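K.L.:
start30.tsv (TSV, C-alpha atoms and all ligand atoms) pasted underneath:
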```tsv
chain	number	residue	atom	x	y	z
A	1	MET	CA	-133.72	-181.16	77.18
A	2	PRO	CA	-129.98	-180.86	77.68
A	3	HIS	CA	-127.81	-183.87	78.47
A	4	TYR	CA	-126.37	-185.06	81.76
A	5	TYR	CA	-123.95	-182.62	83.28
A	6	THR	CA	-122.36	-182.08	86.67
A	7	LEU	CA	-120.53	-179.20	88.31
A	8	GLY	CA	-118.95	-178.81	91.75
A	9	SER	CA	-119.11	-181.42	94.51
A	10	ILE	CA	-121.83	-184.03	94.83
A	11	PRO	CA	-122.09	-187.18	96.97
A	12	HIS	CA	-121.39	-190.58	95.43
A	13	LYS	CA	-124.99	-191.70	95.97
A	14	ARG	CA	-128.10	-189.52	95.61
A	15	HIS	CA	-130.31	-188.92	98.64
A	16	THR	CA	-127.55	-189.88	101.09
A	17	GLN	CA	-125.70	-187.91	103.78
A	18	PHE	CA	-123.47	-185.27	102.22
A	19	ARG	CA	-121.58	-183.32	104.86
A	20	LYS	CA	-119.69	-180.04	105.03
A	21	PRO	CA	-116.17	-179.96	106.49
A	22	ASP	CA	-117.70	-179.08	109.90
A	23	GLY	CA	-119.92	-182.17	109.79
A	24	ALA	CA	-123.22	-180.40	109.10
A	25	LEU	CA	-125.38	-181.69	106.26
A	26	TYR	CA	-125.76	-179.96	102.91
A	27	ALA	CA	-129.40	-179.48	101.87
A	28	GLU	CA	-130.36	-181.51	98.79
A	29	GLN	CA	-132.94	-180.06	96.36
A	30	LEU	CA	-134.58	-181.86	93.47
A	31	PHE	CA	-135.22	-179.40	90.64
A	32	SER	CA	-137.54	-180.30	87.82
A	33	THR	CA	-140.05	-178.42	85.69
A	34	GLU	CA	-142.49	-181.30	85.11
A	35	GLY	CA	-143.14	-183.10	88.39
A	36	PHE	CA	-141.07	-186.13	89.35
A	37	SER	CA	-141.41	-187.96	86.07
A	38	ASN	CA	-139.24	-185.98	83.71
A	39	ASP	CA	-135.77	-184.44	83.45
A	40	TYR	CA	-134.41	-183.14	86.73
A	41	SER	CA	-131.29	-182.05	88.55
A	42	LEU	CA	-130.15	-182.52	92.15
A	43	LEU	CA	-128.58	-179.49	93.81
A	44	TYR	CA	-126.67	-179.36	97.10
A	45	HIS	CA	-127.13	-176.14	99.06
A	46	HIS	CA	-125.27	-174.81	102.09
A	47	HIS	CA	-128.66	-173.85	103.53
A	48	PRO	CA	-132.21	-175.07	102.87
A	49	PRO	CA	-133.68	-173.09	99.94
A	50	THR	CA	-136.85	-172.57	101.99
A	51	GLU	CA	-135.93	-169.92	104.59
A	52	ILE	CA	-138.29	-167.05	103.77
A	53	ILE	CA	-137.93	-164.11	106.17
A	54	LYS	CA	-140.25	-161.53	104.58
A	55	THR	CA	-142.68	-161.12	101.70
A	56	ASP	CA	-143.60	-157.92	99.85
A	57	ALA	CA	-146.99	-157.03	98.39
A	58	PRO	CA	-147.23	-158.42	94.84
A	59	ILE	CA	-147.13	-156.19	91.76
A	60	ASN	CA	-149.32	-156.79	88.70
A	61	VAL	CA	-147.11	-157.28	85.61
A	62	GLN	CA	-149.75	-158.93	83.44
A	63	PRO	CA	-149.51	-157.85	79.78
A	64	VAL	CA	-152.25	-155.37	78.82
A	65	ILE	CA	-154.09	-156.74	75.79
A	66	ALA	CA	-155.06	-154.16	73.16
A	67	GLU	CA	-156.32	-156.50	70.44
A	68	GLU	CA	-157.57	-159.91	71.39
A	69	LYS	CA	-158.67	-160.93	67.90
A	70	MET	CA	-157.57	-159.75	64.47
A	71	LEU	CA	-156.78	-160.99	60.96
A	72	GLN	CA	-154.24	-158.69	59.40
A	73	HIS	CA	-150.51	-158.76	58.63
A	74	ARG	CA	-148.74	-156.52	61.14
A	75	SER	CA	-145.27	-155.08	61.55
A	76	PHE	CA	-143.57	-153.64	64.62
A	77	GLU	CA	-140.40	-151.64	65.13
A	78	GLY	CA	-138.72	-153.58	67.93
A	79	PHE	CA	-135.89	-151.10	68.50
A	80	LYS	CA	-138.46	-148.40	69.29
A	81	ILE	CA	-138.88	-150.02	72.71
A	82	LYS	CA	-137.39	-147.49	75.10
A	83	PRO	CA	-134.28	-148.55	77.04
A	84	GLU	CA	-134.87	-148.82	80.79
A	85	PRO	CA	-132.27	-148.96	83.56
A	86	HIS	CA	-133.74	-152.00	85.30
A	87	TYR	CA	-134.04	-155.45	83.76
A	88	LEU	CA	-137.53	-156.35	84.93
A	89	GLN	CA	-139.01	-152.96	84.03
A	90	SER	CA	-137.36	-153.22	80.62
A	91	ARG	CA	-139.23	-156.39	79.67
A	92	LYS	CA	-142.20	-155.45	77.46
A	93	PRO	CA	-144.56	-158.20	76.28
A	94	VAL	CA	-145.62	-157.56	72.68
A	95	LEU	CA	-147.42	-160.67	71.38
A	96	VAL	CA	-148.96	-163.19	73.75
A	97	ASN	CA	-151.13	-166.29	73.96
A	98	ASN	CA	-151.63	-169.09	76.47
A	99	ASP	CA	-148.55	-171.00	75.26
A	100	CYS	CA	-145.96	-168.25	75.09
A	101	HIS	CA	-145.27	-164.55	75.44
A	102	LEU	CA	-142.94	-162.71	73.09
A	103	VAL	CA	-141.16	-159.96	74.95
A	104	LEU	CA	-138.77	-157.18	73.92
A	105	ALA	CA	-136.31	-155.64	76.36
A	106	ALA	CA	-133.61	-152.98	76.29
A	107	PRO	CA	-132.09	-153.07	79.78
A	108	GLN	CA	-129.20	-150.71	80.53
A	109	GLN	CA	-127.97	-151.93	83.90
A	110	SER	CA	-126.97	-155.15	85.59
A	111	MET	CA	-129.25	-156.64	88.23
A	112	GLN	CA	-127.58	-155.80	91.50
A	113	ASP	CA	-129.84	-155.80	94.54
A	114	TYR	CA	-132.25	-158.55	93.60
A	115	PHE	CA	-132.55	-161.91	91.87
A	116	TYR	CA	-135.28	-163.03	89.49
A	117	LYS	CA	-137.24	-166.22	89.10
A	118	ASN	CA	-139.90	-166.89	86.49
A	119	ALA	CA	-142.06	-169.49	88.21
A	120	ASP	CA	-144.41	-169.81	85.23
A	121	ALA	CA	-142.30	-169.97	82.14
A	122	ASP	CA	-139.08	-171.30	80.70
A	123	GLU	CA	-137.30	-168.38	79.08
A	124	MET	CA	-135.41	-168.19	75.81
A	125	ILE	CA	-133.44	-164.95	75.89
A	126	PHE	CA	-132.02	-164.08	72.48
A	127	ILE	CA	-129.15	-161.60	72.68
A	128	HIS	CA	-129.48	-159.22	69.75
A	129	GLU	CA	-127.18	-156.59	71.21
A	130	GLY	CA	-125.07	-156.67	74.33
A	131	ALA	CA	-122.89	-159.01	76.33
A	132	GLY	CA	-122.42	-160.16	79.88
A	133	VAL	CA	-122.86	-163.05	82.26
A	134	LEU	CA	-126.03	-164.90	83.24
A	135	LYS	CA	-125.48	-165.85	86.88
A	136	THR	CA	-127.58	-168.70	88.20
A	137	LEU	CA	-127.60	-171.16	91.08
A	138	TYR	CA	-126.15	-173.66	88.55
A	139	GLY	CA	-123.16	-171.49	87.70
A	140	GLU	CA	-122.46	-168.86	85.07
A	141	LEU	CA	-123.09	-168.55	81.33
A	142	ASP	CA	-121.17	-165.92	79.38
A	143	PHE	CA	-123.26	-164.43	76.60
A	144	SER	CA	-122.85	-162.15	73.63
A	145	TYR	CA	-124.43	-161.27	70.29
A	146	GLY	CA	-126.40	-164.13	68.79
A	147	ASP	CA	-126.72	-166.31	71.89
A	148	TYR	CA	-129.91	-168.03	72.88
A	149	LEU	CA	-129.99	-168.42	76.66
A	150	VAL	CA	-132.46	-171.14	77.63
A	151	VAL	CA	-133.51	-170.94	81.27
A	152	PRO	CA	-135.84	-173.56	82.81
A	153	ARG	CA	-138.74	-172.07	84.78
A	154	GLY	CA	-137.92	-171.76	88.46
A	155	THR	CA	-134.23	-171.05	87.88
A	156	ILE	CA	-133.05	-168.16	90.06
A	157	TYR	CA	-130.89	-165.78	88.07
A	158	GLN	CA	-129.19	-162.44	87.87
A	159	ILE	CA	-127.87	-160.82	84.68
A	160	GLU	CA	-124.65	-158.85	84.69
A	161	PHE	CA	-124.23	-156.78	81.53
A	162	THR	CA	-120.81	-155.57	80.40
A	163	THR	CA	-122.59	-153.26	77.94
A	164	ALA	CA	-125.16	-150.47	78.39
A	165	ASN	CA	-126.91	-150.88	75.04
A	166	ASN	CA	-128.64	-154.22	75.26
A	167	ARG	CA	-131.41	-155.53	73.03
A	168	LEU	CA	-133.13	-158.79	73.96
A	169	PHE	CA	-135.85	-160.81	72.26
A	170	ILE	CA	-137.36	-163.06	74.92
A	171	LEU	CA	-139.75	-165.97	74.56
A	172	GLU	CA	-141.55	-166.99	77.76
A	173	SER	CA	-142.77	-170.55	77.32
A	174	PHE	CA	-145.41	-172.03	79.59
A	175	SER	CA	-144.11	-175.51	78.76
A	176	PRO	CA	-140.48	-176.72	78.74
A	177	ILE	CA	-138.36	-175.46	75.84
A	178	ARG	CA	-136.94	-178.53	74.15
A	179	TYR	CA	-134.74	-179.61	71.27
A	180	PRO	CA	-137.02	-180.63	68.39
A	181	LYS	CA	-138.05	-184.25	68.77
A	182	LYS	CA	-137.21	-184.94	65.10
A	183	TYR	CA	-133.53	-184.24	65.86
A	184	LEU	CA	-133.31	-186.74	68.73
A	185	SER	CA	-132.48	-190.43	68.79
A	186	LYS	CA	-134.74	-192.85	70.67
A	187	TYR	CA	-132.59	-192.26	73.77
A	188	GLY	CA	-132.14	-188.53	73.39
A	189	GLN	CA	-128.86	-187.93	71.51
A	190	LEU	CA	-128.89	-185.20	68.87
A	191	LEU	CA	-128.83	-187.07	65.57
A	192	GLU	CA	-126.37	-186.70	62.71
A	193	HIS	CA	-128.89	-184.79	60.54
A	194	ALA	CA	-129.62	-182.18	63.24
A	195	PRO	CA	-128.31	-178.67	62.53
A	196	TYR	CA	-126.49	-178.59	65.87
A	197	CYS	CA	-125.10	-181.13	68.31
A	198	GLU	CA	-124.18	-181.44	71.98
A	199	ARG	CA	-120.82	-179.71	71.42
A	200	ASP	CA	-122.69	-176.54	70.48
A	201	ILE	CA	-124.55	-176.45	73.80
A	202	ARG	CA	-122.76	-174.46	76.51
A	203	ALA	CA	-123.51	-175.62	80.04
A	204	PRO	CA	-122.98	-173.41	83.13
A	205	LYS	CA	-119.44	-173.10	84.44
A	206	ASN	CA	-117.58	-171.29	87.20
A	207	LEU	CA	-119.88	-172.36	90.04
A	208	GLN	CA	-119.49	-169.68	92.71
A	209	THR	CA	-120.78	-170.60	96.16
A	210	TYR	CA	-121.96	-167.85	98.52
A	211	SER	CA	-122.94	-169.11	101.95
A	212	GLU	CA	-123.49	-165.79	103.73
A	213	ALA	CA	-126.66	-164.82	105.60
A	214	GLY	CA	-128.56	-161.56	105.08
A	215	ASP	CA	-131.69	-160.40	103.27
A	216	PHE	CA	-131.82	-161.69	99.68
A	217	LEU	CA	-134.73	-160.59	97.52
A	218	ILE	CA	-135.95	-162.97	94.81
A	219	LYS	CA	-138.55	-161.28	92.61
A	220	THR	CA	-140.69	-164.21	91.56
A	221	LYS	CA	-143.19	-164.08	88.71
A	222	LYS	CA	-146.29	-166.23	88.92
A	223	LYS	CA	-149.52	-165.87	86.91
A	224	GLY	CA	-148.82	-162.28	85.90
A	225	MET	CA	-147.92	-161.14	89.41
A	226	LEU	CA	-144.44	-160.31	90.68
A	227	TYR	CA	-143.87	-161.36	94.29
A	228	GLY	CA	-140.99	-160.00	96.36
A	229	ILE	CA	-139.79	-162.92	98.48
A	230	HIS	CA	-136.90	-162.33	100.89
A	231	TYR	CA	-134.67	-165.23	101.94
A	232	ARG	CA	-132.20	-165.52	104.81
A	233	HIS	CA	-129.37	-166.93	102.70
A	234	HIS	CA	-127.81	-166.12	99.35
A	235	PRO	CA	-129.61	-168.18	96.66
A	236	PHE	CA	-126.31	-169.09	94.97
A	237	ASP	CA	-125.17	-171.29	97.87
A	238	VAL	CA	-124.91	-174.47	95.79
A	239	VAL	CA	-121.67	-176.49	96.17
A	240	GLY	CA	-122.52	-178.93	93.39
A	241	TRP	CA	-125.26	-180.34	91.21
A	242	ASP	CA	-125.91	-182.89	88.51
A	243	GLY	CA	-128.70	-183.82	86.15
A	244	CYS	CA	-130.43	-182.91	82.91
A	245	CYS	CA	-132.38	-179.77	83.88
A	246	TYR	CA	-130.25	-176.62	83.83
A	247	PRO	CA	-129.85	-173.37	81.92
A	248	TYR	CA	-127.67	-173.41	78.82
A	249	ALA	CA	-126.52	-171.23	75.94
A	250	PHE	CA	-126.57	-171.91	72.23
A	251	SER	CA	-125.32	-169.44	69.65
A	252	ILE	CA	-127.35	-168.84	66.50
A	253	HIS	CA	-123.93	-168.63	64.78
A	254	ASP	CA	-123.45	-172.34	65.59
A	255	PHE	CA	-126.66	-173.32	63.77
A	256	GLU	CA	-125.58	-175.16	60.61
A	257	PRO	CA	-128.10	-174.42	57.84
A	258	LEU	CA	-129.56	-177.27	55.82
A	259	THR	CA	-129.78	-176.32	52.14
A	260	GLY	CA	-130.98	-178.01	48.95
A	261	ARG	CA	-131.25	-177.83	45.17
A	262	VAL	CA	-134.68	-176.17	45.50
A	263	HIS	CA	-136.23	-174.01	48.22
A	264	GLN	CA	-136.23	-175.72	51.61
A	265	PRO	CA	-139.31	-175.31	53.84
A	266	PRO	CA	-139.14	-173.52	57.20
A	267	PRO	CA	-138.91	-176.73	59.30
A	268	VAL	CA	-135.24	-177.10	58.20
A	269	HIS	CA	-134.54	-173.98	60.25
A	270	GLN	CA	-136.15	-175.35	63.42
A	271	THR	CA	-134.11	-174.79	66.56
A	272	PHE	CA	-136.39	-175.35	69.60
A	273	GLU	CA	-139.95	-176.34	70.32
A	274	GLY	CA	-142.50	-176.16	73.12
A	275	ASN	CA	-146.18	-176.97	73.40
A	276	ASN	CA	-147.93	-175.36	70.41
A	277	TYR	CA	-145.03	-173.35	69.01
A	278	VAL	CA	-141.63	-173.75	67.31
A	279	VAL	CA	-138.56	-171.52	67.12
A	280	CYS	CA	-136.51	-171.35	63.89
A	281	SER	CA	-133.17	-169.71	63.07
A	282	PHE	CA	-132.59	-168.18	59.63
A	283	VAL	CA	-128.83	-167.92	59.24
A	284	PRO	CA	-126.38	-167.00	56.46
A	285	ARG	CA	-126.38	-169.81	53.91
A	286	LEU	CA	-125.89	-170.73	50.28
A	287	PHE	CA	-129.03	-170.52	48.18
A	288	ASP	CA	-130.69	-173.34	46.27
A	289	TYR	CA	-128.52	-174.69	43.45
A	290	HIS	CA	-130.96	-176.17	40.92
A	291	PRO	CA	-130.24	-174.24	37.66
A	292	ASP	CA	-133.84	-172.94	37.61
A	293	ALA	CA	-134.20	-172.49	41.37
A	294	ILE	CA	-136.09	-169.53	42.86
A	295	PRO	CA	-134.37	-168.75	46.15
A	296	ALA	CA	-137.17	-166.46	47.43
A	297	PRO	CA	-139.82	-168.37	49.37
A	298	TYR	CA	-143.09	-169.28	47.70
A	299	ASN	CA	-146.34	-167.71	48.90
A	300	HIS	CA	-147.73	-169.80	51.67
A	301	SER	CA	-150.91	-170.19	53.70
A	302	ASN	CA	-149.98	-170.84	57.28
A	303	ILE	CA	-153.58	-171.70	58.07
A	304	ASP	CA	-152.82	-173.35	61.40
A	305	SER	CA	-150.22	-171.00	62.81
A	306	ASP	CA	-149.32	-167.38	63.40
A	307	GLU	CA	-145.84	-166.64	62.07
A	308	VAL	CA	-143.58	-164.12	63.82
A	309	LEU	CA	-140.29	-163.07	62.24
A	310	TYR	CA	-137.80	-161.15	64.34
A	311	TYR	CA	-135.16	-159.60	62.08
A	312	VAL	CA	-131.66	-159.57	63.51
A	313	ASP	CA	-129.11	-158.60	60.84
A	314	GLY	CA	-128.17	-158.82	57.18
A	315	ASP	CA	-130.19	-158.26	54.04
A	316	PHE	CA	-133.58	-159.82	53.72
A	317	MET	CA	-134.22	-160.93	50.21
A	318	SER	CA	-137.95	-161.55	50.55
A	319	ARG	CA	-139.08	-158.11	51.73
A	320	LYS	CA	-138.41	-154.41	51.53
A	321	HIS	CA	-137.94	-151.86	54.28
A	322	VAL	CA	-136.63	-154.27	56.87
A	323	THR	CA	-134.94	-152.82	59.95
A	324	ARG	CA	-132.97	-154.45	62.75
A	325	GLY	CA	-135.28	-155.56	65.52
A	326	MET	CA	-138.35	-155.46	63.29
A	327	ILE	CA	-141.09	-157.96	64.07
A	328	ASN	CA	-143.47	-159.03	61.32
A	329	LEU	CA	-146.57	-160.98	62.25
A	330	HIS	CA	-148.35	-163.01	59.58
A	331	PRO	CA	-151.43	-164.49	61.20
A	332	GLY	CA	-152.79	-167.87	60.20
A	333	GLY	CA	-155.71	-167.57	57.79
A	334	ILE	CA	-154.40	-165.27	55.06
A	335	PRO	CA	-151.49	-166.17	52.76
A	336	HIS	CA	-148.28	-164.17	52.61
A	337	GLY	CA	-145.16	-164.31	50.49
A	338	PRO	CA	-142.30	-162.31	49.01
A	339	HIS	CA	-142.79	-158.62	48.39
A	340	PRO	CA	-143.30	-157.50	44.76
A	341	GLY	CA	-140.06	-157.83	42.80
A	342	ALA	CA	-138.37	-160.04	45.39
A	343	VAL	CA	-138.88	-163.29	43.43
A	344	LEU	CA	-137.23	-162.00	40.25
A	345	LYS	CA	-134.49	-160.29	42.22
A	346	SER	CA	-133.63	-163.53	44.02
A	347	ILE	CA	-133.06	-165.57	40.82
A	348	GLY	CA	-129.37	-166.23	40.33
A	349	ALA	CA	-128.42	-165.05	43.83
A	350	ARG	CA	-125.83	-167.33	45.36
A	351	GLU	CA	-126.14	-166.73	49.07
A	352	THR	CA	-127.85	-164.76	51.79
A	353	ASN	CA	-126.38	-163.23	54.92
A	354	GLU	CA	-129.76	-162.81	56.63
A	355	LEU	CA	-130.07	-163.52	60.33
A	356	ALA	CA	-133.52	-163.84	61.88
A	357	VAL	CA	-135.44	-165.70	64.56
A	358	MET	CA	-138.89	-167.03	63.76
A	359	VAL	CA	-141.57	-168.16	66.19
A	360	ASP	CA	-144.59	-169.98	64.79
A	361	THR	CA	-147.44	-170.36	67.26
A	362	PHE	CA	-150.22	-172.87	66.65
A	363	HIS	CA	-152.78	-170.68	68.44
A	364	PRO	CA	-153.40	-167.01	67.55
A	365	LEU	CA	-151.40	-164.29	69.25
A	366	GLN	CA	-152.91	-161.26	70.94
A	367	LEU	CA	-151.42	-157.78	70.63
A	368	THR	CA	-150.49	-155.79	73.71
A	369	THR	CA	-150.67	-152.01	74.11
A	370	THR	CA	-146.87	-151.96	73.66
A	371	ALA	CA	-147.24	-153.62	70.25
A	372	LEU	CA	-149.57	-150.86	69.07
A	373	GLU	CA	-147.14	-148.17	70.30
A	374	ILE	CA	-144.37	-149.48	68.04
A	375	GLU	CA	-146.46	-150.55	65.06
A	376	ASN	CA	-145.56	-149.75	61.43
A	377	GLU	CA	-148.88	-148.62	60.01
A	378	GLY	CA	-150.04	-149.89	56.63
A	379	TYR	CA	-147.90	-153.05	56.49
A	380	VAL	CA	-150.91	-155.13	55.42
A	381	MET	CA	-151.04	-153.20	52.13
A	382	SER	CA	-147.30	-153.44	51.42
A	383	TRP	CA	-147.72	-156.28	48.88
A	384	ALA	CA	-149.92	-154.04	46.72
A	385	GLU	CA	-147.38	-151.22	46.44
B	1	FE	FE	-143.80	-167.15	56.04
```
Taking this structure as input, can you express it in the form of structure tokens?

P.N.:
Amino acid sequence: MPHYYTLGSIPHKRHTQFRKPDGALYAEQLFSTEGFSNDYSLLYHHHPPTEIIKTDAPINVQPVIAEEKMLQHRSFEGFKIKPEPHYLQSRKPVLVNNDCHLVLAAPQQSMQDYFYKNADADEMIFIHEGAGVLKTLYGELDFSYGDYLVVPRGTIYQIEFTTANNRLFILESFSPIRYPKKYLSKYGQLLEHAPYCERDIRAPKNLQTYSEAGDFLIKTKKKGMLYGIHYRHHPFDVVGWDGCCYPYAFSIHDFEPLTGRVHQPPPVHQTFEGNNYVVCSFVPRLFDYHPDAIPAPYNHSNIDSDEVLYYVDGDFMSRKHVTRGMINLHPGGIPHGPHPGAVLKSIGARETNELAVMVDTFHPLQLTTTALEIENEGYVMSWAE
């Protein structure tokens, strides 16, 4: 839930006449992701955002489930996902449940002749490799390595990459992606103990307004189907907006780690949350400073959650054979912990330069066919080596 922001021109009073220089009315749109009783924005369009001129036959993009149930530690080689020219084709769901989908993507080209809207899910797009601009009807967000782009469901967007080698780790959330409640004051300010604050949140800028008519295709995803909906006017025809519901960027490099004399539990790394899952950022930090501290994590039984670690960069003190883009899945129900030798090796270490994103889901994840294609066999036995 970002804070109040405004860009471009808006009328003094909401829901009143707001006219163009020629006297015609702008079209007001209320945008919210949870009905009329939660955060929202008001956008002012040159043309009503309702002028559909053509619809295409829908395409099924539902993830194909390969394993619905399982109880085994798993490991996947995320960078083995093949690069694809087009953004939507490049998105490959790997682990899914009813609360969120975890998706890998290696798109090579900018989106040029279409726009995209995820009507089902807020998206958190983590930029592992690549840079560019996320263009939306709210304005533009520049992005580069380490950025989380948080896009409320329903936001129309287009991504322009300035790089050809792009690696994205995407979380599709079927509930709004929010700042953790424990970081917020009663009235919604990020508190002093939170690992980031409002200054770290980048709101859209450079609002470009396109009022031309034509045939504008918005590929819209709903319940696993992709609908091609053509509109008469450019979707980025907004002259101004204000409110608390908009896409934003937050860099993992701006996450300030909370450390202690002894090992701190994963919740200190929490970054976002949604219904039945949390997102954590593991960033370079000083290790625990008690004279007898063991910096490696203790073994733990995450009985009520599946734990997904997406490795970004740096050395990982708790396990061997880690590669960039690797995903390790430790399902709830069987304990896991440091690899053999990692505990002793960690004693006396002063700091870590690891960078990773963790998603803990409170309901089990299912594996897609893509997950099996990129799986590292035998990971479950790697503690017995
Ligand atoms: Fe863990």

K.L.:
So how far away is CA of Tyr157 in chain A from CA of Tyr210 in chain A, in Å?

P.N.:
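Straight-line distance from CA of Tyr210 in chain A to CA of Tyr157 in chain A works out to 13.9 Å.
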
K.L.:
Nearest to ligand FE 1 (chain B) among A:Arg232, A:Arg153, A:His73, A:Lys80, with distances taken over all atoms listed in the file: which residue is it?

P.N.:
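Looking only at the distances to ligand FE 1 (chain B), the closest residue turns out to be A:His73.
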
K.L.:
At most 12 Å is the cut-off: for each residue in range 219-317 of chain A with any atom that close to an atom of range 95-98 of chain A, write down the nearest atom pair and the distance in Å rounded to one decimal, counting only C-alpha atoms, chain first then increasing number, as a tab-separated table.

P.N.:
```
residue	atom	partner	partner_atom	distance
A:Lys223	CA	A:Asn98	CA	11.1
A:Gly224	CA	A:Asn98	CA	12.0
A:Asn275	CA	A:Asn98	CA	10.1
A:Asn276	CA	A:Asn98	CA	9.5
A:Tyr277	CA	A:Asn97	CA	10.6
A:Asp306	CA	A:Leu95	CA	10.6
A:Glu307	CA	A:Leu95	CA	11.2
A:Val308	CA	A:Leu95	CA	9.2
A:Leu309	CA	A:Leu95	CA	11.8
A:Tyr310	CA	A:Leu95	CA	11.9
```

K.L.:
Could you check how far CA of Ser173 in chain A sits from CA of Glu140 in chain A, in Å to one decimal?

P.N.:
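According to the coordinates, CA of Ser173 in chain A and CA of Glu140 in chain A are separated by 21.8 Å.
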
K.L.:
Residues within 9 Å of ligand FE 1 (chain B) should be enumerated using all atoms listed in the file and returned as a PyMOL selection string.

P.N.:
chain A and resi 266+297-302+307-309+330+335-338

K.L.:
Find the residue from A:Ala121, A:Ile177, A:Met70, A:Ala27 that sits nearest to Thr220 in chain A; use all atoms listed in the file when measuring.

P.N.:
A:Ala121

K.L.:
Find the spatial neighbours of Pro58 in chain A, counting all atoms listed in the file, within a cut-off of 9 Å - ignore same-chain residues fewer than 5 positions away - and output them as a list in words.

P.N.:
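Using all atoms listed in the file, the neighbours found are Met225, Leu226, Tyr227 and Gly228 of chain A.
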
K.L.:
For Leu134 in chain A, please output as a PDB file with C-alpha atoms, in the coordinates of the input all residues within 8 Å (counting only C-alpha atoms; exclusion window: fewer than 2 positions along the same chain).

P.N.:
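Writing done, so here's part_20.pdb:
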```pdb
ATOM      1  CA  GLY A 132    -122.420-160.160  79.880  1.00  0.00           C
ATOM      2  CA  THR A 136    -127.580-168.700  88.200  1.00  0.00           C
ATOM      3  CA  GLU A 140    -122.460-168.860  85.070  1.00  0.00           C
ATOM      4  CA  LEU A 141    -123.090-168.550  81.330  1.00  0.00           C
ATOM      5  CA  ASP A 142    -121.170-165.920  79.380  1.00  0.00           C
ATOM      6  CA  PHE A 143    -123.260-164.430  76.600  1.00  0.00           C
ATOM      7  CA  TYR A 157    -130.890-165.780  88.070  1.00  0.00           C
ATOM      8  CA  GLN A 158    -129.190-162.440  87.870  1.00  0.00           C
ATOM      9  CA  ILE A 159    -127.870-160.820  84.680  1.00  0.00           C
ATOM     10  CA  GLU A 160    -124.650-158.850  84.690  1.00  0.00           C
TER      11      GLU A 160
END
```

K.L.:
Here's a test: counting all atoms listed in the file, identify every protein, DNA and RNA residue with an atom at most 12 Å from (-136.0, -158.1, 99.2) in the file's coordinate frame, and state them as an mmCIF file with C-alpha atoms, in the coordinates of the input.

P.N.:
```cif
data_model
loop_
_atom_site.group_PDB
_atom_site.id
_atom_site.type_symbol
_atom_site.label_atom_id
_atom_site.label_comp_id
_atom_site.auth_asym_id
_atom_site.auth_seq_id
_atom_site.Cartn_x
_atom_site.Cartn_y
_atom_site.Cartn_z
ATOM 1 C CA ILE A 52 -138.290 -167.050 103.770
ATOM 2 C CA ILE A 53 -137.930 -164.110 106.170
ATOM 3 C CA LYS A 54 -140.250 -161.530 104.580
ATOM 4 C CA THR A 55 -142.680 -161.120 101.700
ATOM 5 C CA ASP A 56 -143.600 -157.920 99.850
ATOM 6 C CA ALA A 57 -146.990 -157.030 98.390
ATOM 7 C CA GLN A 112 -127.580 -155.800 91.500
ATOM 8 C CA ASP A 113 -129.840 -155.800 94.540
ATOM 9 C CA TYR A 114 -132.250 -158.550 93.600
ATOM 10 C CA PHE A 115 -132.550 -161.910 91.870
ATOM 11 C CA TYR A 116 -135.280 -163.030 89.490
ATOM 12 C CA GLY A 214 -128.560 -161.560 105.080
ATOM 13 C CA ASP A 215 -131.690 -160.400 103.270
ATOM 14 C CA PHE A 216 -131.820 -161.690 99.680
ATOM 15 C CA LEU A 217 -134.730 -160.590 97.520
ATOM 16 C CA ILE A 218 -135.950 -162.970 94.810
ATOM 17 C CA LYS A 219 -138.550 -161.280 92.610
ATOM 18 C CA THR A 220 -140.690 -164.210 91.560
ATOM 19 C CA TYR A 227 -143.870 -161.360 94.290
ATOM 20 C CA GLY A 228 -140.990 -160.000 96.360
ATOM 21 C CA ILE A 229 -139.790 -162.920 98.480
ATOM 22 C CA HIS A 230 -136.900 -162.330 100.890
ATOM 23 C CA TYR A 231 -134.670 -165.230 101.940
ATOM 24 C CA ARG A 232 -132.200 -165.520 104.810
ATOM 25 C CA HIS A 233 -129.370 -166.930 102.700
ATOM 26 C CA HIS A 234 -127.810 -166.120 99.350
#
```

K.L.:
Return the single residue from A:Ala213, A:Ala131, A:Leu149, A:Met326 that is closest to His46 in chain A, with distances computed using all atoms listed in the file.

P.N.:
A:Ala213
